[in-house]
Amino acid sequence: MGINNILKEHYKLQLNSVSRLEGYGSTNYKVEAKEGNFILKIYQNSIRIKKELLAEERVLLQLNTLKINSFPKGITTTSGEVFVEESGNIYRLLTFVEGSFLGEVPHTPALMESFGSFLGKMDLKLITHQEEVFEAREIPWDLRHLHLSKPLLQFIPNPSDRNLVSYFMLQFREHLVPFADQFRKSLIHNDGNDWNVLTDRNKVTGIIDFGDMCHTWLVNEVAIGMTYAMMQKDLPMVSGLKVLKGYHRQLPLTESECDSLYYLIAARLCISVCQSAFNSRENPQSEYITISEKGAWKLLYQWLRISPIHAKRKIRGVCGFPNTTPVTGTALLEHRQKHFGKNLSLSYKNPIHMVGAAFQYMYDAEGNTFLDAYNNIMLVGHCHPHVVEAGQKAMATLNTNTRYIYNALRNYSDALLRRFPEPLNKVYFVNSGSEATDLAIRMARAHTLKKKIMVLEHGYHGHTQAGMEISSYKYSADTGNGKPEDTLQTPIPKVYGSSWENDGSAGAAYAQNALELIEKHSGSIAAFIAEPIVGCGGQVPLAKGYLNAIYPAIREQGGICISDEVQVGFGRLGEVFWGFELYDVIPDIVVIGKPMGNGHPMGAVITTSKIASSFEKGPEFFSSFGGNPVSCAIGLAVLEVIENEKKQEHALQTGEYLKKKLQALQIKHKTIGDVRGHGLFLGMEMIDEKGQPNTKLAGFLKNRLREQFILVGTDGPYDNVMKIKPPLAFNTSDVDELVAQIDTILS
């Protein structure tokens with residue numbers, strides 16, 4: 001029997017028109033008849049659907065006792081049935097609720113508060129209403145069941161988008177699930193979106209589509225309402241808090257419910273974009289499926305920028321709860337001064353009390369969000385979900401040491417060594433770049449039976465005894481112990497400020513100086529160690545041709561060459577994965593650390609079979625934690641992120657964009673003497689009107705940027721070089737923000 005016949009025979013309607021509406025879960029039609037306007041919903045027949053529709057009818061009867069609001073009313077058949085069963089389908093007729101959709105009208109503060117009040121009144125009416133079929137219902141749109149959307153992540157094509165959703169799913173598990181037993185449960189509508197909510201004269205008057213109704217956490221209702229109220233807003237929390245104010249006035253939330261809202265709102269957004277990504281594959285032209293997708297993505301990225309602490313404070317303020325007081329920064333500083341040495345340094349004149357971070361953002365205890373353009377150790381981004389989950393899973397499975405055999409060690413070492421040219425085929429895992437440098441020097445001396453180490457002026461290679469003795473940055477400091485006898489220091493091959501160009505002439509001139517030093521100590525030099533870009537020396541790339549002259553000379557007199565990749569390795573430089581590749585040389589030993597574990601303490605020495613063979617003749621090598629299963633899992637996850645998300649290519653493109661922007665500033669501001677570096681490892685040297693190092697201006701710029709919630713560092717022998725080396729989540733929009741602030745401050 002056709003639709004028209006169903007409507008005529010079972011409902012005795014005199015039809016004017018029947019038109020198809022978009023929807024999911026049911027096939028929907030708008031019915032215009034002499035008797036009025038209606039919605040016809042058609043479902044596939046099943047026992048579960050029939051139970052749900054009967055329960056829905058009871059819910060609507062309950063809600064329609066709220067005379068001041070409009071809800072759909074079920075239309076019974078001429079025989080008094082709630083629905084019609086015909087040809088394997090169920091037909092249900094409802095009244096058509098009049099009004100303008102929330103998505104069609106201006107979102108005034110009064111309307112947003114009315115929206116919250118409406119939801120609160122509706123939930124108050126349902127809070128004691130029980131329906132077994134909804135209590136047993138498990139649907140992906142129930143925020144409690146966020147995990148049901150995780151398999152849909154694969155359908156989100158953009159890696160950055162996918163990471164964002166994974167991150168919020170992880171935060172939901174960590175920060176909300178452990179406290180979920182404190183949340184009240186109730187039957188709720190569960191879908192107060194722009195196109196279900198009806199308005200009239202700046203007031204919410206009704207709601208339709210109860211297809212996602214479920215028995216879940218009560219607070220989910222207002223979380224969902226706030227989510228849709230905040231979409232497509234420049235200041236989303238302003239609208240969201242108005243909805244919360246209206247809801248809380250009708251149905252007060254508990255403290256724990258208030259504190260959950262940040263993560264529940266993120267959960268709704270995650271479910272929405274996952275469902276859109278999945279359904280778009282089946283019906284890419286459907287506006288119904290994707291109607292809120294753009295708004296959801298925009299808000300999800302805005303939500304990342306909003307600190308959870310900030311959101312929590314604002315939400316508590318609306319609901320009248322006092323803000324919890326963390327340990328103050330002053331107390332932490334006092335504790336630090338009492339229990340730590342004074343030479344444990346702090347960044348910025350006004351130190352920052354950090355409490356959280358995500359990708360390129362860091363959150364302080366005051367609720368501020370900082371754009372991180374400085375912390376290169378978090379290579380693929382703070383709290384990257386793939387890395388975090390790899391560590392969690394490994395820690396829950398096995399953590400031991402290399403005196404046992406396990407797959408994680410094989411898997412990670414194979415993946416890491418594939419990144420090196422053929423002669424470099426042996427790896428030794430340790431806990432840090434400093435420990436790796438220490439081991440590399442030990443190996444160099446064991447292999448060559450020589451003791452002297454040649455280093456670059458202003459270089460830094462770690463805080464161990466051996467590291468300090470070969471770090472000009474430390475031993476030449478005012479408080480340093482001076483250069484040891486077995487350390488040979490050669491000038492840093494820095495093009496800027498010299499009388500040469502980077503066309504090979506600068507490299508040749510600096511190399512000549514170094515070659516004379518090598519000749520003077522020929523036969524006694526165990527190793528030459530250098531960073532491909534000297535970080536603490538002021539982000540200084542080595543002059544073209546320099547290493548090509550030094551490496552052969554060191555080897556000819558019986559030494560080996562070490563590349564310290566602790567700061568620049570793993571694709572940060574964009575055009576190459578390892579810094580030594582910039583200069584078309586292959587070292588004998590490579591030292592890595594810092595970004596290797598994305599913040600997890602890791603380091604390694606990579607070398608040749610020949611050097612490893614010499615080292616094996618000495619005492620046993622064993623690092624208690626180096627190469628443990630947890631570290632290996634984390635290290636492998638970092639490599640996977642770099643490859644799968646094309647982080648090296650991102651560093652190249654974003655770095656080139658940033659460098660061009662900074663070079664444009666250099667033309668405008670004569671206090672910028674030089675812009676240098678590769679990829680997302682850049683330096684900007686500040687000078688005075690005489691062209692001399694401007695330490696004061698660099699410090700001023702760094703601290704002013706900090707006050708504008710942007711993190712950069714300073715370094716170099718005069719501490720006048722701005723160090724810009726952000727996590728590789730840093731994007732072109734972040735570049736624009738950073739450069740605009742630098743321009744404003746210098747102007």
# chains A, B, ... in the order shown; residues from 1 in each chain; ligands from 1
>>> closest_atom_pairs(of="range 282-361 of chain A", to="range 371-388 of chain A", cutoff="6 Å", atoms="only C-alpha atoms", output="tab-separated table")
residue	atom	partner	partner_atom	distance
A:Ala357	CA	A:His382	CA	5.7
A:Ala358	CA	A:His382	CA	4.7
A:Phe359	CA	A:Gly381	CA	3.8
A:Gln360	CA	A:Asp372	CA	5.3
A:Tyr361	CA	A:Leu371	CA	4.9
>>> write_last_selection(atoms="C-alpha atoms", output="PDB file, in the first residue's frame")
ATOM      1  CA  ALA A 357      49.384  21.127  26.786  1.00  0.00           C
ATOM      2  CA  ALA A 358      48.052  19.967  23.426  1.00  0.00           C
ATOM      3  CA  PHE A 359      49.857  19.990  20.071  1.00  0.00           C
ATOM      4  CA  GLN A 360      51.198  23.570  19.644  1.00  0.00           C
ATOM      5  CA  TYR A 361      49.476  24.944  22.751  1.00  0.00           C
TER       6      TYR A 361
END
>>> select_by_dssp(residues="range 102-292 of chain A", states="alpha helix (DSSP H)", output="number ranges by chain")
A: 109-126, 132-135, 159-175, 220-230, 236-250, 255-282, 287-290
>>> closest_residue(among="A:Met1, A:Val455, A:Leu119, A:Leu218", to="Leu244 in chain A", atoms="only C-alpha atoms")
A:Leu119
>>> select_by_dssp(residues="range 545-642 of chain A", states="strand (DSSP E)", output="MDAnalysis selection string")
chainID A and resid 560:564 589:592 603:607
>>> write_last_selection(atoms="N, CA, C and O atoms", output="PDB file, in the first residue's frame")
ATOM      1  N   ILE A 560      87.567  10.147  14.117  1.00  0.00           N
ATOM      2  CA  ILE A 560      86.237   9.923  13.542  1.00  0.00           C
ATOM      3  C   ILE A 560      85.408  11.201  13.664  1.00  0.00           C
ATOM      4  O   ILE A 560      85.748  12.114  14.425  1.00  0.00           O
ATOM      5  N   CYS A 561      84.287  11.226  12.922  1.00  0.00           N
ATOM      6  CA  CYS A 561      83.439  12.422  12.881  1.00  0.00           C
ATOM      7  C   CYS A 561      82.071  12.118  13.479  1.00  0.00           C
ATOM      8  O   CYS A 561      81.440  11.107  13.123  1.00  0.00           O
ATOM      9  N   ILE A 562      81.623  12.987  14.385  1.00  0.00           N
ATOM     10  CA  ILE A 562      80.362  12.805  15.103  1.00  0.00           C
ATOM     11  C   ILE A 562      79.414  13.947  14.758  1.00  0.00           C
ATOM     12  O   ILE A 562      79.779  15.124  14.856  1.00  0.00           O
ATOM     13  N   SER A 563      78.192  13.589  14.370  1.00  0.00           N
ATOM     14  CA  SER A 563      77.157  14.603  14.139  1.00  0.00           C
ATOM     15  C   SER A 563      76.183  14.574  15.309  1.00  0.00           C
ATOM     16  O   SER A 563      75.549  13.555  15.579  1.00  0.00           O
ATOM     17  N   ASP A 564      76.069  15.690  16.009  1.00  0.00           N
ATOM     18  CA  ASP A 564      75.156  15.819  17.145  1.00  0.00           C
ATOM     19  C   ASP A 564      73.804  16.310  16.614  1.00  0.00           C
ATOM     20  O   ASP A 564      73.611  17.491  16.360  1.00  0.00           O
ATOM     21  N   ILE A 589      79.613   8.559  13.586  1.00  0.00           N
ATOM     22  CA  ILE A 589      78.709   8.387  14.731  1.00  0.00           C
ATOM     23  C   ILE A 589      77.664   9.502  14.671  1.00  0.00           C
ATOM     24  O   ILE A 589      77.990  10.654  14.362  1.00  0.00           O
ATOM     25  N   VAL A 590      76.429   9.137  14.976  1.00  0.00           N
ATOM     26  CA  VAL A 590      75.353  10.123  15.098  1.00  0.00           C
ATOM     27  C   VAL A 590      74.776  10.031  16.507  1.00  0.00           C
ATOM     28  O   VAL A 590      74.517   8.928  17.009  1.00  0.00           O
ATOM     29  N   VAL A 591      74.602  11.173  17.117  1.00  0.00           N
ATOM     30  CA  VAL A 591      74.028  11.259  18.464  1.00  0.00           C
ATOM     31  C   VAL A 591      72.626  11.849  18.334  1.00  0.00           C
ATOM     32  O   VAL A 591      72.441  12.896  17.709  1.00  0.00           O
ATOM     33  N   ILE A 592      71.621  11.170  18.920  1.00  0.00           N
ATOM     34  CA  ILE A 592      70.245  11.676  18.879  1.00  0.00           C
ATOM     35  C   ILE A 592      69.628  11.657  20.273  1.00  0.00           C
ATOM     36  O   ILE A 592      70.080  10.940  21.167  1.00  0.00           O
ATOM     37  N   GLY A 603      67.474   8.592  24.152  1.00  0.00           N
ATOM     38  CA  GLY A 603      68.653   8.996  23.400  1.00  0.00           C
ATOM     39  C   GLY A 603      69.249   7.773  22.741  1.00  0.00           C
ATOM     40  O   GLY A 603      68.911   6.632  23.075  1.00  0.00           O
ATOM     41  N   ALA A 604      70.131   7.986  21.786  1.00  0.00           N
ATOM     42  CA  ALA A 604      70.768   6.858  21.112  1.00  0.00           C
ATOM     43  C   ALA A 604      72.045   7.301  20.426  1.00  0.00           C
ATOM     44  O   ALA A 604      72.223   8.475  20.090  1.00  0.00           O
ATOM     45  N   VAL A 605      72.912   6.330  20.233  1.00  0.00           N
ATOM     46  CA  VAL A 605      74.117   6.499  19.433  1.00  0.00           C
ATOM     47  C   VAL A 605      74.002   5.542  18.258  1.00  0.00           C
ATOM     48  O   VAL A 605      73.737   4.353  18.440  1.00  0.00           O
ATOM     49  N   ILE A 606      74.180   6.060  17.064  1.00  0.00           N
ATOM     50  CA  ILE A 606      74.162   5.225  15.866  1.00  0.00           C
ATOM     51  C   ILE A 606      75.554   5.288  15.262  1.00  0.00           C
ATOM     52  O   ILE A 606      76.133   6.376  15.106  1.00  0.00           O
ATOM     53  N   THR A 607      76.103   4.113  14.922  1.00  0.00           N
ATOM     54  CA  THR A 607      77.473   4.088  14.423  1.00  0.00           C
ATOM     55  C   THR A 607      77.671   2.947  13.431  1.00  0.00           C
ATOM     56  O   THR A 607      76.707   2.306  13.005  1.00  0.00           O
TER      57      THR A 607
END
>>> residues_around(residues="Met237 in chain A", least_positions_apart="3", cutoff="10 Å", atoms="only C-alpha atoms", output="ChimeraX atom specification")
/A:226-227,229-231,233-234,240-243,302-303,306,311,314-315
>>> write_last_selection(atoms="N, CA and C atoms", output="mmCIF file, in the first residue's frame")
data_model
loop_
_atom_site.group_PDB
_atom_site.id
_atom_site.type_symbol
_atom_site.label_atom_id
_atom_site.label_comp_id
_atom_site.auth_asym_id
_atom_site.auth_seq_id
_atom_site.Cartn_x
_atom_site.Cartn_y
_atom_site.Cartn_z
ATOM 1 N N MET A 226 24.763 23.568 24.444
ATOM 2 C CA MET A 226 25.858 24.544 24.420
ATOM 3 C C MET A 226 26.709 24.368 23.166
ATOM 4 N N THR A 227 26.948 23.130 22.779
ATOM 5 C CA THR A 227 27.775 22.855 21.600
ATOM 6 C C THR A 227 27.220 23.546 20.370
ATOM 7 N N ALA A 229 25.000 25.946 20.213
ATOM 8 C CA ALA A 229 24.911 27.399 20.403
ATOM 9 C C ALA A 229 26.245 28.074 20.109
ATOM 10 N N MET A 230 27.335 27.353 20.319
ATOM 11 C CA MET A 230 28.669 27.941 20.167
ATOM 12 C C MET A 230 29.214 27.850 18.747
ATOM 13 N N MET A 231 28.597 27.030 17.905
ATOM 14 C CA MET A 231 29.113 26.865 16.544
ATOM 15 C C MET A 231 29.020 28.170 15.757
ATOM 16 N N LYS A 233 30.707 30.843 15.990
ATOM 17 C CA LYS A 233 30.849 32.067 16.778
ATOM 18 C C LYS A 233 32.331 32.407 16.921
ATOM 19 N N ASP A 234 32.651 33.687 16.867
ATOM 20 C CA ASP A 234 34.034 34.106 17.092
ATOM 21 C C ASP A 234 34.411 33.974 18.566
ATOM 22 N N GLY A 240 27.656 29.877 24.682
ATOM 23 C CA GLY A 240 27.507 28.639 25.452
ATOM 24 C C GLY A 240 27.145 28.887 26.898
ATOM 25 N N LEU A 241 27.759 29.891 27.493
ATOM 26 C CA LEU A 241 27.493 30.188 28.902
ATOM 27 C C LEU A 241 26.086 30.732 29.115
ATOM 28 N N LYS A 242 25.540 31.409 28.106
ATOM 29 C CA LYS A 242 24.148 31.879 28.206
ATOM 30 C C LYS A 242 23.190 30.686 28.252
ATOM 31 N N VAL A 243 23.445 29.684 27.418
ATOM 32 C CA VAL A 243 22.621 28.473 27.444
ATOM 33 C C VAL A 243 22.725 27.801 28.813
ATOM 34 N N GLN A 302 38.690 25.697 17.813
ATOM 35 C CA GLN A 302 38.587 26.771 18.807
ATOM 36 C C GLN A 302 38.669 26.187 20.220
ATOM 37 N N TRP A 303 38.043 25.037 20.418
ATOM 38 C CA TRP A 303 37.997 24.398 21.734
ATOM 39 C C TRP A 303 39.393 23.997 22.193
ATOM 40 N N ILE A 306 41.034 26.922 23.638
ATOM 41 C CA ILE A 306 40.499 27.327 24.942
ATOM 42 C C ILE A 306 41.022 26.374 26.014
ATOM 43 N N ALA A 311 37.853 27.278 30.698
ATOM 44 C CA ALA A 311 36.455 26.872 30.512
ATOM 45 C C ALA A 311 35.826 26.482 31.846
ATOM 46 N N LYS A 314 34.974 29.593 33.974
ATOM 47 C CA LYS A 314 33.815 30.317 33.463
ATOM 48 C C LYS A 314 32.519 29.565 33.759
ATOM 49 N N ILE A 315 32.555 28.267 33.563
ATOM 50 C CA ILE A 315 31.368 27.436 33.796
ATOM 51 C C ILE A 315 30.991 27.456 35.273
#
>>> residues_around(residues="Val31 in chain A", least_positions_apart="3", cutoff="8 Å", atoms="only C-alpha atoms", output="list in words")
Leu15, Asn16, Ser17, Val18, Ser19, Asn37, Phe38, Ile39 and Leu40 of chain A
>>> write_last_selection(atoms="all heavy atoms", output="PDB file, in the first residue's frame")
ATOM      1  N   LEU A  15      -5.583  14.924   1.544  1.00  0.00           N
ATOM      2  CA  LEU A  15      -4.228  15.354   1.232  1.00  0.00           C
ATOM      3  C   LEU A  15      -4.180  16.497   0.235  1.00  0.00           C
ATOM      4  O   LEU A  15      -4.934  16.523  -0.747  1.00  0.00           O
ATOM      5  CB  LEU A  15      -3.418  14.176   0.688  1.00  0.00           C
ATOM      6  CG  LEU A  15      -3.263  12.967   1.620  1.00  0.00           C
ATOM      7  CD1 LEU A  15      -2.522  11.856   0.902  1.00  0.00           C
ATOM      8  CD2 LEU A  15      -2.528  13.356   2.897  1.00  0.00           C
ATOM      9  N   ASN A  16      -3.240  17.419   0.497  1.00  0.00           N
ATOM     10  CA  ASN A  16      -2.893  18.448  -0.477  1.00  0.00           C
ATOM     11  C   ASN A  16      -1.556  18.107  -1.144  1.00  0.00           C
ATOM     12  O   ASN A  16      -1.415  18.156  -2.360  1.00  0.00           O
ATOM     13  CB  ASN A  16      -2.811  19.823   0.188  1.00  0.00           C
ATOM     14  CG  ASN A  16      -4.172  20.289   0.679  1.00  0.00           C
ATOM     15  OD1 ASN A  16      -5.189  19.982   0.051  1.00  0.00           O
ATOM     16  ND2 ASN A  16      -4.201  21.008   1.787  1.00  0.00           N
ATOM     17  N   SER A  17      -0.543  17.751  -0.302  1.00  0.00           N
ATOM     18  CA  SER A  17       0.775  17.375  -0.849  1.00  0.00           C
ATOM     19  C   SER A  17       1.535  16.520   0.155  1.00  0.00           C
ATOM     20  O   SER A  17       1.308  16.608   1.371  1.00  0.00           O
ATOM     21  CB  SER A  17       1.594  18.624  -1.188  1.00  0.00           C
ATOM     22  OG  SER A  17       1.920  19.338  -0.002  1.00  0.00           O
ATOM     23  N   VAL A  18       2.449  15.700  -0.384  1.00  0.00           N
ATOM     24  CA  VAL A  18       3.353  14.887   0.432  1.00  0.00           C
ATOM     25  C   VAL A  18       4.753  15.061  -0.154  1.00  0.00           C
ATOM     26  O   VAL A  18       4.985  14.740  -1.323  1.00  0.00           O
ATOM     27  CB  VAL A  18       2.960  13.392   0.416  1.00  0.00           C
ATOM     28  CG1 VAL A  18       3.970  12.587   1.230  1.00  0.00           C
ATOM     29  CG2 VAL A  18       1.552  13.202   0.952  1.00  0.00           C
ATOM     30  N   SER A  19       5.698  15.613   0.634  1.00  0.00           N
ATOM     31  CA  SER A  19       7.052  15.893   0.123  1.00  0.00           C
ATOM     32  C   SER A  19       8.116  15.264   1.021  1.00  0.00           C
ATOM     33  O   SER A  19       7.988  15.262   2.251  1.00  0.00           O
ATOM     34  CB  SER A  19       7.280  17.402   0.022  1.00  0.00           C
ATOM     35  OG  SER A  19       7.009  18.042   1.253  1.00  0.00           O
ATOM     36  N   ASN A  37      -0.943  20.288   9.029  1.00  0.00           N
ATOM     37  CA  ASN A  37       0.359  19.810   8.558  1.00  0.00           C
ATOM     38  C   ASN A  37       0.897  18.757   9.523  1.00  0.00           C
ATOM     39  O   ASN A  37       0.776  18.892  10.753  1.00  0.00           O
ATOM     40  CB  ASN A  37       1.345  20.971   8.454  1.00  0.00           C
ATOM     41  CG  ASN A  37       0.931  21.968   7.398  1.00  0.00           C
ATOM     42  OD1 ASN A  37       0.241  21.619   6.438  1.00  0.00           O
ATOM     43  ND2 ASN A  37       1.346  23.231   7.574  1.00  0.00           N
ATOM     44  N   PHE A  38       1.556  17.737   8.956  1.00  0.00           N
ATOM     45  CA  PHE A  38       2.031  16.605   9.756  1.00  0.00           C
ATOM     46  C   PHE A  38       3.397  16.150   9.254  1.00  0.00           C
ATOM     47  O   PHE A  38       3.847  16.530   8.182  1.00  0.00           O
ATOM     48  CB  PHE A  38       1.046  15.426   9.653  1.00  0.00           C
ATOM     49  CG  PHE A  38      -0.358  15.768  10.014  1.00  0.00           C
ATOM     50  CD1 PHE A  38      -1.261  16.203   9.036  1.00  0.00           C
ATOM     51  CD2 PHE A  38      -0.803  15.671  11.329  1.00  0.00           C
ATOM     52  CE1 PHE A  38      -2.563  16.527   9.362  1.00  0.00           C
ATOM     53  CE2 PHE A  38      -2.099  16.000  11.656  1.00  0.00           C
ATOM     54  CZ  PHE A  38      -2.982  16.428  10.676  1.00  0.00           C
ATOM     55  N   ILE A  39       4.053  15.316  10.078  1.00  0.00           N
ATOM     56  CA  ILE A  39       5.282  14.628   9.687  1.00  0.00           C
ATOM     57  C   ILE A  39       4.996  13.129   9.707  1.00  0.00           C
ATOM     58  O   ILE A  39       4.508  12.591  10.709  1.00  0.00           O
ATOM     59  CB  ILE A  39       6.451  14.943  10.649  1.00  0.00           C
ATOM     60  CG1 ILE A  39       6.849  16.414  10.545  1.00  0.00           C
ATOM     61  CG2 ILE A  39       7.653  14.056  10.348  1.00  0.00           C
ATOM     62  CD1 ILE A  39       7.478  16.814   9.223  1.00  0.00           C
ATOM     63  N   LEU A  40       5.295  12.468   8.606  1.00  0.00           N
ATOM     64  CA  LEU A  40       5.175  11.011   8.538  1.00  0.00           C
ATOM     65  C   LEU A  40       6.572  10.412   8.582  1.00  0.00           C
ATOM     66  O   LEU A  40       7.437  10.772   7.782  1.00  0.00           O
ATOM     67  CB  LEU A  40       4.474  10.584   7.240  1.00  0.00           C
ATOM     68  CG  LEU A  40       4.333   9.063   7.042  1.00  0.00           C
ATOM     69  CD1 LEU A  40       3.366   8.475   8.074  1.00  0.00           C
ATOM     70  CD2 LEU A  40       3.879   8.734   5.618  1.00  0.00           C
TER      71      LEU A  40
END
>>> residues_around(residues="Trp217 in chain A", least_positions_apart="6", cutoff="8 Å", atoms="only C-alpha atoms", output="count of residues only")
5
>>> residues_around(residues="His678 in chain A", least_positions_apart="6", cutoff="7 Å", atoms="only C-alpha atoms", output="PyMOL selection string")
chain A and resi 573-574+655
>>> residues_around(residues="Ile687 in chain A", least_positions_apart="2", cutoff="9 Å", atoms="only C-alpha atoms", output="list in words")
Lys670, Thr671, Ile672, Gly673, Asp674, Glu685, Glu689, Lys690, Gly691, Gln692, Pro693, Asn694, Thr695, Leu697, Ala698 and Asn720 of chain A
>>> write_last_selection(atoms="C-alpha atoms", output="PDB file, in the first residue's frame")
ATOM      1  CA  LYS A 670      66.605  47.321  11.063  1.00  0.00           C
ATOM      2  CA  THR A 671      67.008  45.792  14.519  1.00  0.00           C
ATOM      3  CA  ILE A 672      66.730  42.354  12.882  1.00  0.00           C
ATOM      4  CA  GLY A 673      70.236  41.610  11.659  1.00  0.00           C
ATOM      5  CA  ASP A 674      69.811  38.091  10.328  1.00  0.00           C
ATOM      6  CA  GLU A 685      69.499  37.834  15.422  1.00  0.00           C
ATOM      7  CA  GLU A 689      71.883  50.754  15.395  1.00  0.00           C
ATOM      8  CA  LYS A 690      75.630  50.034  15.188  1.00  0.00           C
ATOM      9  CA  GLY A 691      75.054  46.457  14.089  1.00  0.00           C
ATOM     10  CA  GLN A 692      76.182  45.066  17.442  1.00  0.00           C
ATOM     11  CA  PRO A 693      74.385  42.271  19.375  1.00  0.00           C
ATOM     12  CA  ASN A 694      71.274  43.677  21.069  1.00  0.00           C
ATOM     13  CA  THR A 695      70.793  41.485  24.109  1.00  0.00           C
ATOM     14  CA  LEU A 697      66.019  44.010  22.792  1.00  0.00           C
ATOM     15  CA  ALA A 698      66.029  40.219  22.396  1.00  0.00           C
ATOM     16  CA  ASN A 720      70.550  38.138  21.301  1.00  0.00           C
TER      17      ASN A 720
END
>>> closest_residue(among="A:Gln567, A:Asn628, A:Thr479, A:Asn196", to="Phe429 in chain A", atoms="only C-alpha atoms")
A:Asn628
>>> closest_residue(among="A:Arg48, A:Arg418, A:Arg268, A:Lys702", to="Pro140 in chain A", atoms="only C-alpha atoms")
A:Arg268
>>> atom_distance(atom1="CA of Tyr29 in chain A", atom2="CA of His10 in chain A")
16.2 Å
